[in-house]
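Peer 1: My structure is in query_33.pdb, and what it holds is PDB, C-alpha atoms:
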ATOM      1  CA  LYS A   1     -92.538  80.215  -0.726
ATOM      2  CA  GLU A   2     -94.146  78.567  -3.747
ATOM      3  CA  GLU A   3     -93.137  75.133  -2.444
ATOM      4  CA  VAL A   4     -94.546  75.938   1.004
ATOM      5  CA  LEU A   5     -97.867  77.061  -0.486
ATOM      6  CA  ALA A   6     -97.999  73.907  -2.637
ATOM      7  CA  GLN A   7     -97.548  71.813   0.514
ATOM      8  CA  TRP A   8    -100.368  73.686   2.243
ATOM      9  CA  ASP A   9    -102.587  73.147  -0.815
ATOM     10  CA  LEU A  10    -101.847  69.411  -0.669
ATOM     11  CA  TRP A  11    -102.637  69.383   3.063
ATOM     12  CA  ASP A  12    -105.976  71.089   2.373
ATOM     13  CA  ARG A  13    -106.879  68.612  -0.385
ATOM     14  CA  VAL A  14    -105.982  65.528   1.672
ATOM     15  CA  ARG A  15    -107.683  66.834   4.796
ATOM     16  CA  SER A  16    -110.917  67.672   2.980
ATOM     17  CA  ALA A  17    -110.949  64.343   1.115
ATOM     18  CA  GLU A  18    -109.929  62.032   3.971
ATOM     19  CA  VAL A  19    -110.749  63.536   7.371
ATOM     20  CA  ARG A  20    -114.363  63.058   8.379
ATOM     21  CA  LEU A  21    -113.992  63.552  12.133
ATOM     22  CA  PRO A  22    -113.979  66.959  13.814
ATOM     23  CA  ALA A  23    -110.402  68.168  14.181
ATOM     24  CA  ARG A  24    -108.648  70.924  16.125
ATOM     25  CA  PHE A  25    -105.209  72.151  15.153
ATOM     26  CA  CYS A  26    -102.114  73.557  16.795
ATOM     27  CA  LEU A  27     -98.863  74.871  15.423
ATOM     28  CA  GLY A  28     -95.908  72.551  15.050
ATOM     29  CA  ASN A  29     -92.262  73.234  14.333
ATOM     30  CA  HIS A  30     -92.668  72.320  10.653
ATOM     31  CA  ASP A  31     -95.517  74.805  10.187
ATOM     32  CA  ILE A  32     -93.380  77.916  10.600
ATOM     33  CA  TYR A  33     -92.513  79.732   7.375
ATOM     34  CA  GLY A  34     -89.194  81.480   6.866
ATOM     35  CA  TRP A  35     -87.246  80.707  10.040
ATOM     36  CA  ALA A  36     -84.821  78.510   8.125
ATOM     37  CA  HIS A  37     -84.720  80.759   5.057
ATOM     38  CA  ARG A  38     -81.200  81.616   3.911
ATOM     39  CA  ASP A  39     -82.077  85.309   3.805
ATOM     40  CA  ARG A  40     -84.141  85.494   6.972
ATOM     41  CA  ALA A  41     -84.233  89.292   6.921
ATOM     42  CA  ALA A  42     -85.863  89.220   3.476
ATOM     43  CA  ALA A  43     -88.270  86.483   4.566
ATOM     44  CA  ALA A  44     -89.218  88.528   7.638
ATOM     45  CA  ARG A  45     -90.590  91.266   5.354
ATOM     46  CA  ASP A  46     -93.160  88.791   4.004
ATOM     47  CA  PRO A  47     -96.511  89.131   5.834
ATOM     48  CA  ASP A  48     -96.698  85.315   5.953
ATOM     49  CA  PHE A  49     -93.356  85.041   7.774
ATOM     50  CA  GLY A  50     -93.184  83.011  10.947
ATOM     51  CA  LYS A  51     -96.470  81.717  12.272
ATOM     52  CA  ALA A  52     -98.820  83.977  10.291
ATOM     53  CA  LEU A  53     -99.177  81.670   7.279
ATOM     54  CA  ALA A  54     -99.865  78.571   9.388
ATOM     55  CA  LEU A  55    -102.387  80.391  11.558
ATOM     56  CA  ARG A  56    -104.259  81.555   8.485
ATOM     57  CA  ARG A  57    -104.140  78.188   6.696
ATOM     58  CA  LEU A  58    -105.229  76.280   9.801
ATOM     59  CA  GLY A  59    -108.032  78.763  10.485
ATOM     60  CA  LEU A  60    -106.668  79.678  13.910
ATOM     61  CA  ARG A  61    -107.354  83.100  15.404
ATOM     62  CA  ASP A  62    -104.639  82.694  18.030
ATOM     63  CA  ARG A  63    -101.657  80.503  18.829
ATOM     64  CA  HIS A  64    -103.182  79.483  22.170
ATOM     65  CA  TYR A  65    -106.753  78.456  22.871
ATOM     66  CA  SER A  66    -108.852  76.100  24.931
ATOM     67  CA  PHE A  67    -112.097  74.227  24.437
ATOM     68  CA  ASP A  68    -114.357  71.717  26.134
ATOM     69  CA  GLN A  69    -115.279  68.440  24.500
ATOM     70  CA  GLY A  70    -116.637  65.160  25.811
ATOM     71  CA  GLY A  71    -116.393  66.282  29.422
ATOM     72  CA  TRP A  72    -112.741  67.281  29.045
ATOM     73  CA  HIS A  73    -111.145  70.722  28.949
ATOM     74  CA  PHE A  74    -108.323  70.953  26.395
ATOM     75  CA  VAL A  75    -105.648  73.647  26.327
ATOM     76  CA  VAL A  76    -103.703  74.155  23.097
ATOM     77  CA  LEU A  77    -100.382  75.961  23.502
ATOM     78  CA  ASP A  78     -97.795  77.098  21.000
ATOM     79  CA  SER A  79     -94.343  76.398  22.401
ATOM     80  CA  THR A  80     -92.522  76.605  19.063
ATOM     81  CA  GLN A  81     -89.727  79.157  19.304
ATOM     82  CA  PRO A  82     -86.652  79.838  17.168
ATOM     83  CA  ASP A  83     -83.350  78.553  18.477
ATOM     84  CA  GLU A  84     -81.096  81.424  17.480
ATOM     85  CA  ALA A  85     -77.964  79.441  18.397
ATOM     86  CA  SER A  86     -78.543  76.835  15.678
ATOM     87  CA  GLU A  87     -80.520  76.169  12.531
ATOM     88  CA  HIS A  88     -83.002  74.023  14.471
ATOM     89  CA  HIS A  89     -86.348  75.344  15.584
ATOM     90  CA  TYR A  90     -88.462  73.925  18.367
TER      91      TYR A  90
END
Can the structure in the file be given as structure tokens, please?

Peer 2:
Amino acid sequence: KEEVLAQWDLWDRVRSAEVRLPARFCLGNHDIYGWAHRDRAAAARDPDFGKALALRRLGLRDRHYSFDQGGWHFVVLDSTQPDEASEHHY
């Protein structure tokens, strides 16, 4: 988990230093904490397990949302789900 938090800290530093445009975020398959953990049952006891950590770090209240901008209506969906049959997650 320490490595994951260090990566989020780096993301925060780079984003705040380099991104000057308004940005909206959505979850991606590499944002999910603990799905690939060797002891997934132990990881699942962590309150940050799964999508919780990414939602908090990205400042998202929900995994799905929509907004209007520039005359367009955008819909942000989270389609990332564990693939229980393999170690890959999509």

Peer 1: For the file shown, report as a list in words the outcome of the PyMOL selection byres ((chain A and resi 51) around 10) at residue level.

Peer 2: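 Matching residues under the PyMOL selection byres ((chain A and resi 51) around 10) are Leu27, Gly28, Asn29, Asp31, Ile32, Tyr33, Gly34, Trp35, Pro47, Asp48, Phe49, Gly50, Ala52, Leu53, Ala54, Leu55, Arg56, Arg63, Asp78 and Thr80 of chain A.
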
Peer 1: Spell out the residues picked by the PyMOL selection byres ((chain A and resi 75) around 12) here, as a list in words.

Peer 2: Arg24, Phe25, Cys26, Arg63, His64, Tyr65, Ser66, Phe67, Asp68, Gln69, Trp72, His73, Phe74, Val76, Leu77 and Asp78 of chain A

Peer 1: Which value, in Å to one decimal, gives the distance between atom CA of Leu60 of chain A and atom CA of Asp39 of chain A?

Peer 2: 27.2 Å

Peer 1: Between atom CA of Asp12 of chain A and atom CA of Gln81 of chain A, what is the spacing in Å?

Peer 2: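 Distance reported for this atom pair: 24.8 Å.
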
Peer 1: Kindly provide, as JSON, the centre and edge lengths (Å, one decimal) of an axis-aligned box around all atoms of segment 15-34 of chain A given in the file, with 8 Å on each side.

Peer 2:
{"center_x": -101.8, "center_y": 71.8, "center_z": 9.0, "size_x": 41.2, "size_y": 35.4, "size_z": 31.7}

Peer 1: Hey, what's within 12 Å of Asp9 of chain A if we count only C-alpha atoms and toss same-chain stuff fewer than 5 positions away? As a PyMOL selection string, please?

Peer 2: chain A and resi 2-4+14-16+54+57-58

Peer 1: Find the distance between atom CA of Gly71 of chain A and atom CA of Val19 of chain A and write it in Å to one decimal.

Peer 2: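 Separation of atom CA of Gly71 of chain A and atom CA of Val19 of chain A: 22.9 Å.
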
Peer 1: Using all atoms listed in the file for the distances, tell me which of A:His30, A:Arg20, A:Arg61, A:Arg38 is nearest to Gln7 of chain A.

Peer 2: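 Closest residue, counting all atoms listed in the file: A:His30.
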